[in-house]
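Pasted below: my_file.tsv, TSV, C-alpha atoms and all ligand atoms.
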```
chain	number	residue	atom	x	y	z
A	69	MET	CA	-7.67	-16.24	-54.66
A	70	SER	CA	-5.12	-18.44	-52.92
A	71	ASP	CA	-4.31	-18.70	-49.20
A	72	GLU	CA	-0.71	-17.47	-49.44
A	73	ARG	CA	-1.95	-14.10	-50.55
A	74	ARG	CA	-3.92	-13.65	-47.36
A	75	ALA	CA	-2.46	-11.62	-44.51
A	76	HIS	CA	0.26	-13.32	-42.49
A	77	LEU	CA	-0.81	-15.26	-39.42
A	78	ASP	CA	-0.43	-13.04	-36.36
A	79	PRO	CA	1.10	-14.42	-33.12
A	80	GLU	CA	-2.34	-14.71	-31.50
A	81	MET	CA	-3.59	-16.83	-34.40
A	82	LEU	CA	-0.48	-19.04	-34.30
A	83	GLN	CA	-0.82	-19.51	-30.56
A	84	ALA	CA	-4.51	-20.32	-30.88
A	85	MET	CA	-3.65	-22.89	-33.53
A	86	LEU	CA	-0.97	-24.49	-31.31
A	87	ASP	CA	-3.42	-24.46	-28.40
A	88	GLY	CA	-5.96	-26.25	-30.59
A	89	VAL	CA	-8.70	-23.70	-30.05
A	90	LEU	CA	-9.34	-22.82	-33.73
A	91	THR	CA	-12.30	-24.07	-35.72
A	92	GLN	CA	-11.66	-26.70	-38.39
A	93	LYS	CA	-12.16	-24.09	-41.06
A	94	GLN	CA	-9.63	-21.71	-39.42
A	95	VAL	CA	-7.14	-24.56	-39.02
A	96	ARG	CA	-7.43	-25.53	-42.69
A	97	ARG	CA	-6.89	-21.95	-43.74
A	98	ALA	CA	-3.92	-21.45	-41.38
A	99	GLU	CA	-2.28	-24.71	-42.49
A	100	ALA	CA	-2.70	-23.74	-46.10
A	101	HIS	CA	-1.03	-20.40	-45.38
A	102	LEU	CA	1.82	-22.00	-43.46
A	103	ALA	CA	2.46	-24.42	-46.34
A	104	ALA	CA	2.94	-21.51	-48.69
A	105	CYS	CA	4.56	-18.92	-46.35
A	106	ALA	CA	8.12	-19.48	-45.12
A	107	GLU	CA	7.95	-16.54	-42.70
A	108	CYS	CA	4.84	-17.76	-40.87
A	109	SER	CA	6.25	-21.31	-40.86
A	110	ARG	CA	9.38	-20.01	-39.14
A	111	ASN	CA	7.27	-18.09	-36.60
A	112	ALA	CA	5.10	-21.13	-35.94
A	113	ALA	CA	8.18	-23.33	-35.47
A	114	ALA	CA	9.73	-20.82	-33.08
A	115	LEU	CA	6.53	-20.53	-31.09
A	116	GLN	CA	6.24	-24.31	-30.97
A	117	ALA	CA	9.82	-24.52	-29.64
A	118	VAL	CA	8.98	-22.03	-26.90
A	119	PHE	CA	5.88	-24.00	-25.98
A	120	ALA	CA	7.85	-27.23	-25.90
A	121	SER	CA	10.54	-25.83	-23.63
A	122	LEU	CA	7.88	-24.35	-21.32
A	123	ALA	CA	6.15	-27.71	-21.14
A	124	ALA	CA	9.48	-29.38	-20.36
A	125	LEU	CA	10.14	-26.84	-17.60
A	126	ARG	CA	6.72	-27.41	-16.12
A	127	ASP	CA	7.32	-31.14	-15.85
A	128	GLU	CA	10.65	-30.73	-14.16
A	129	PRO	CA	10.38	-31.56	-10.48
A	130	LEU	CA	11.45	-28.92	-7.98
A	131	VAL	CA	14.84	-29.62	-6.47
A	132	ILE	CA	13.54	-28.79	-2.98
A	133	ASP	CA	9.82	-28.70	-2.32
A	134	LEU	CA	9.49	-26.07	0.39
A	135	SER	CA	5.72	-26.21	0.74
A	136	PRO	CA	5.52	-28.98	3.39
A	137	ALA	CA	8.21	-27.27	5.47
A	138	VAL	CA	6.52	-23.88	5.13
A	139	LEU	CA	3.09	-25.33	5.97
A	140	ALA	CA	4.54	-27.23	8.90
A	141	ARG	CA	5.89	-23.99	10.30
A	142	LEU	CA	2.78	-21.95	9.57
A	143	ARG	CA	0.19	-24.35	11.03
A	144	PRO	CA	1.51	-24.63	14.59
A	145	HIS	CA	2.06	-20.88	14.62
A	146	ARG	CA	-1.54	-20.20	13.66
A	147	LEU	CA	-2.74	-22.81	16.14
A	148	ARG	CA	-0.56	-21.30	18.84
A	149	ARG	CA	-1.91	-17.84	18.10
A	150	ARG	CA	-5.49	-19.13	18.36
A	151	LEU	CA	-4.55	-20.93	21.57
A	152	GLY	CA	-3.01	-17.68	22.79
A	153	GLY	CA	-6.35	-15.89	22.47
A	154	TRP	CA	-8.06	-18.55	24.58
A	155	LEU	CA	-5.20	-18.44	27.03
A	156	VAL	CA	-5.61	-14.70	27.55
A	157	ALA	CA	-9.36	-15.15	28.06
A	158	ALA	CA	-8.70	-17.98	30.53
A	159	GLN	CA	-6.13	-15.83	32.31
A	160	VAL	CA	-8.56	-12.94	32.66
A	161	ALA	CA	-11.31	-15.26	33.91
A	162	GLY	CA	-8.89	-17.00	36.26
A	163	ALA	CA	-7.57	-13.71	37.58
A	164	ALA	CA	-11.12	-12.44	38.16
A	165	LEU	CA	-12.01	-15.64	40.02
A	166	MET	CA	-8.85	-15.45	42.10
A	167	LEU	CA	-9.44	-11.80	42.90
A	168	GLY	CA	-13.05	-12.56	43.88
A	169	ALA	CA	-11.99	-15.50	46.03
A	170	THR	CA	-9.24	-13.59	47.79
A	171	TRP	CA	-11.02	-10.25	48.02
A	172	GLN	CA	-12.03	-10.60	51.65
A	173	TRP	CA	-8.58	-11.80	52.55
A	174	LEU	CA	-6.96	-8.92	50.67
A	175	ALA	CA	-9.39	-6.46	52.28
A	176	GLY	CA	-8.30	-7.81	55.68
A	177	ILE	CA	-4.72	-6.86	54.80
A	178	LEU	CA	-5.52	-3.55	53.12
A	179	THR	CA	-7.95	-2.15	55.70
A	180	PRO	CA	-5.34	-1.83	58.50
A	181	LEU	CA	-3.15	-0.03	55.95
A	182	GLY	CA	-5.84	2.59	55.46
A	183	VAL	CA	-7.19	1.23	52.16
A	184	PRO	CA	-10.94	0.71	52.43
A	185	GLY	CA	-12.20	-2.72	51.42
A	186	LEU	CA	-15.25	-3.41	49.28
A	187	SER	CA	-17.58	-3.88	52.24
A	188	ALA	CA	-16.22	-0.70	53.87
A	189	LEU	CA	-16.84	1.26	50.66
A	190	LEU	CA	-20.36	-0.17	50.35
A	191	ALA	CA	-21.07	0.58	54.01
A	192	MET	CA	-19.80	4.13	53.52
A	193	GLY	CA	-22.03	4.56	50.46
A	194	ALA	CA	-25.00	3.10	52.32
A	195	ARG	CA	-24.39	5.47	55.25
A	196	VAL	CA	-24.26	8.50	52.95
A	197	LEU	CA	-27.44	7.39	51.18
A	198	ASP	CA	-29.08	6.67	54.52
A	199	ASP	CA	-28.21	10.15	55.84
A	200	TYR	CA	-29.48	11.76	52.66
A	201	VAL	CA	-32.79	9.88	52.82
A	202	ASN	CA	-33.14	10.77	56.48
A	203	GLN	CA	-32.48	14.44	55.87
A	204	MET	CA	-35.02	14.52	53.05
A	205	TRP	CA	-37.51	12.67	55.18
A	206	ASN	CA	-36.97	14.95	58.16
A	207	SER	CA	-37.36	18.08	56.10
A	208	VAL	CA	-40.65	16.80	54.70
A	209	SER	CA	-42.16	15.45	57.88
A	210	SER	CA	-40.08	15.68	61.02
A	211	PRO	CA	-42.80	14.47	63.39
A	212	VAL	CA	-43.29	11.24	61.49
A	213	ALA	CA	-39.54	10.86	61.10
A	214	LEU	CA	-39.15	10.62	64.86
A	215	GLY	CA	-41.07	7.39	64.83
A	216	LEU	CA	-39.01	6.05	61.96
A	217	GLU	CA	-35.67	6.74	63.58
A	218	SER	CA	-34.82	3.09	63.08
A	219	LEU	CA	-34.31	3.88	59.38
A	220	SER	CA	-30.95	5.42	60.20
A	221	SER	CA	-29.83	2.23	61.87
A	222	LEU	CA	-30.04	0.47	58.51
A	223	SER	CA	-26.67	-0.89	57.56
A	224	ILE	CA	-25.50	-3.26	54.90
A	225	SER	CA	-23.26	-6.06	56.03
A	226	LEU	CA	-21.76	-8.31	53.39
A	227	PRO	CA	-21.31	-11.99	54.11
A	228	THR	CA	-17.63	-12.41	54.84
A	229	PRO	CA	-16.38	-15.91	54.12
A	230	ALA	CA	-13.41	-16.57	56.34
A	231	ILE	CA	-10.41	-17.56	54.23
A	232	PRO	CA	-7.48	-18.89	56.24
A	233	LEU	CA	-4.19	-17.12	55.63
A	234	ALA	CA	-2.53	-20.20	54.09
A	235	GLN	CA	-5.43	-20.70	51.69
A	236	GLY	CA	-5.32	-17.03	50.69
A	237	VAL	CA	-1.59	-17.19	50.04
A	238	ALA	CA	-2.07	-20.36	48.00
A	239	LEU	CA	-4.79	-18.70	45.89
A	240	VAL	CA	-2.64	-15.64	45.17
A	241	LEU	CA	0.34	-17.85	44.32
A	242	ALA	CA	-1.82	-19.96	42.01
A	243	ALA	CA	-3.02	-16.80	40.25
A	244	ALA	CA	0.56	-15.59	39.87
A	245	VAL	CA	1.73	-18.95	38.47
A	246	LEU	CA	-1.22	-19.05	36.03
A	247	TRP	CA	-0.42	-15.52	34.89
A	248	PHE	CA	3.32	-16.06	34.43
A	249	VAL	CA	2.97	-19.44	32.70
A	250	GLY	CA	0.40	-17.95	30.34
A	251	ASN	CA	2.60	-14.97	29.52
A	252	GLY	CA	5.61	-17.25	29.07
A	253	VAL	CA	3.75	-19.32	26.47
A	254	LEU	CA	2.56	-16.18	24.66
A	255	LEU	CA	5.97	-14.54	24.57
A	256	ARG	CA	7.75	-17.71	23.45
A	257	SER	CA	5.41	-18.27	20.50
A	258	ARG	CA	6.15	-14.88	18.93
A	259	PRO	CA	9.88	-15.12	18.05
A	260	ALA	CA	9.39	-18.72	16.87
A	261	GLY	CA	6.83	-17.56	14.30
A	262	GLN	CA	9.05	-14.79	12.97
A	263	GLY	CA	12.41	-16.56	12.76
A	264	TYR	CA	12.26	-18.67	9.61
A	265	GLY	CA	16.00	-19.04	9.25
A	266	ASP	CA	16.79	-20.67	12.58
A	267	HIS	CA	15.78	-24.14	11.39
A	268	ALA	CA	18.12	-25.44	8.70
B	301	ZN	ZN	2.64	-15.67	-43.76
```
Please re-express this file's structure in structure tokens.
Amino acid sequence: MSDERRAHLDPEMLQAMLDGVLTQKQVRRAEAHLAACAECSRNAAALQAVFASLAALRDEPLVIDLSPAVLARLRPHRLRRRLGGWLVAAQVAGAALMLGATWQWLAGILTPLGVPGLSALLAMGARVLDDYVNQMWNSVSSPVALGLESLSSLSISLPTPAIPLAQGVALVLAAAVLWFVGNGVLLRSRPAGQGYGDHA
């Protein structure tokens, strides 16, 4: 029984042989077959040629390596997006602080216009609650309630820090500038991240 009478070497076997992953015994058998079989020798040679050209292609350097340029454009964008998240948080916190700081001043402007301020709303709520408690109390024990008439004089007065007009205007302006600058940065970062062709 000679090797050339065995079945032809299939492409997988030839590839495994070229890859050097066959056992010594398999290699000896395959080589013996190739020595005696012109067809398998041709196939092996063709496969080897393909492998060689692939290897040559792999070693060829890229004409233009785009990866540094792509990474350079991606990194600042990602950083800017992360910065944007912090910026929004800072804006919200800043706006809340500004609103808190200027609330009394704003209430001073809004109250004459008929818009109740925070302290007015709280006082109104306290008055309603006070009346309700008094009514309940009176209905339960009116005689005793007469002696506790001072309960109805309870009123809540919030501490009102006096903010000069100039300082209030400055605070509102600062909030507006913070808001617009933040939005400007956010809006500018978006088209820059999408337009890949504007940078030759
Ligand atoms: Zn063969």
**All residues having an atom within 9 Å of ligand ZN 301 (chain B) (all atoms listed in the file) as a ChimeraX atom specification** = /A:72-78,101-102,104-109,111
**Request:** Kindly give the distance, in Å, that separates atom CA of Gln116 of chain A and atom CA of Leu86 of chain A, rounded to a single decimal.
**Result:**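 Here the two named atoms are 7.2 Å from each other.
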**Request:** Within 8 Å of Leu155 of chain A, counting all atoms listed in the file, which residues show up once you throw out same-chain ones fewer than 4 positions away? Write them as number ranges by chain, please.
**Result:** A: 151, 159, 250
Expected file: the selected residues, C-alpha atoms, as a PDB file, in the coordinates of the input:
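Okay, part39.pdb is ready:
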```
ATOM      1  CA  LEU A 151      -4.550 -20.930  21.570  1.00  0.00           C
ATOM      2  CA  GLN A 159      -6.130 -15.830  32.310  1.00  0.00           C
ATOM      3  CA  GLY A 250       0.400 -17.950  30.340  1.00  0.00           C
TER       4      GLY A 250
END
```
**Request:** Take atom CA of Gly176 of chain A and atom CA of Asp198 of chain A and report the distance between them in Å, one decimal.
**Result:**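 So the answer is 25.4 Å.
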**Item:** Among the residues A:Ser207, A:Ala157, A:Gln83, A:Gly236, the one that comes closest to Ala175 of chain A [using all atoms listed in the file]
**Value:**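 Looking at the shortest contact to Ala175 of chain A, the residue is A:Gly236.
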**Prompt:** Smallest atom-to-atom distance to Trp173 of chain A: which of A:Ala238, A:Ala244, A:Ala103, A:Val138, using only C-alpha atoms?
**Reply:**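 Selected residue with least distance to Trp173 of chain A: A:Ala238.
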**Prompt:** Between atom CA of Val118 of chain A and atom CA of Glu80 of chain A, what is the spacing in Å?
**Reply:**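 Atom CA of Val118 of chain A lies at a distance of 14.2 Å from atom CA of Glu80 of chain A.
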**Item:** A:Val208, A:Met192, A:Ala169, A:Ala124 ranked by distance to Leu239 of chain A, top pick (using all atoms listed in the file)
**Value:**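 For Leu239 of chain A, the nearest of the candidates is A:Ala169.
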**Test item: which residues lie within 12 Å of (-3.9, -17.9, 55.8) counting all atoms listed in the file, as a PyMOL selection string** = chain A and resi 170+172-174+176-177+230-240
**Asked** Of the residues A:Tyr200, A:Ile132, A:Gly153, A:Leu82, which is the one nearest to Ala112 of chain A, using all atoms listed in the file?
**Response**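 Selected residue with least distance to Ala112 of chain A: A:Leu82.
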**Prompt:** Which residue out of A:Gln203, A:Leu125, A:Val156, A:Ser135 has the minimum interatomic distance to Phe248 of chain A when only C-alpha atoms are used?
**Reply:**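 Nearest to Phe248 of chain A: A:Val156.
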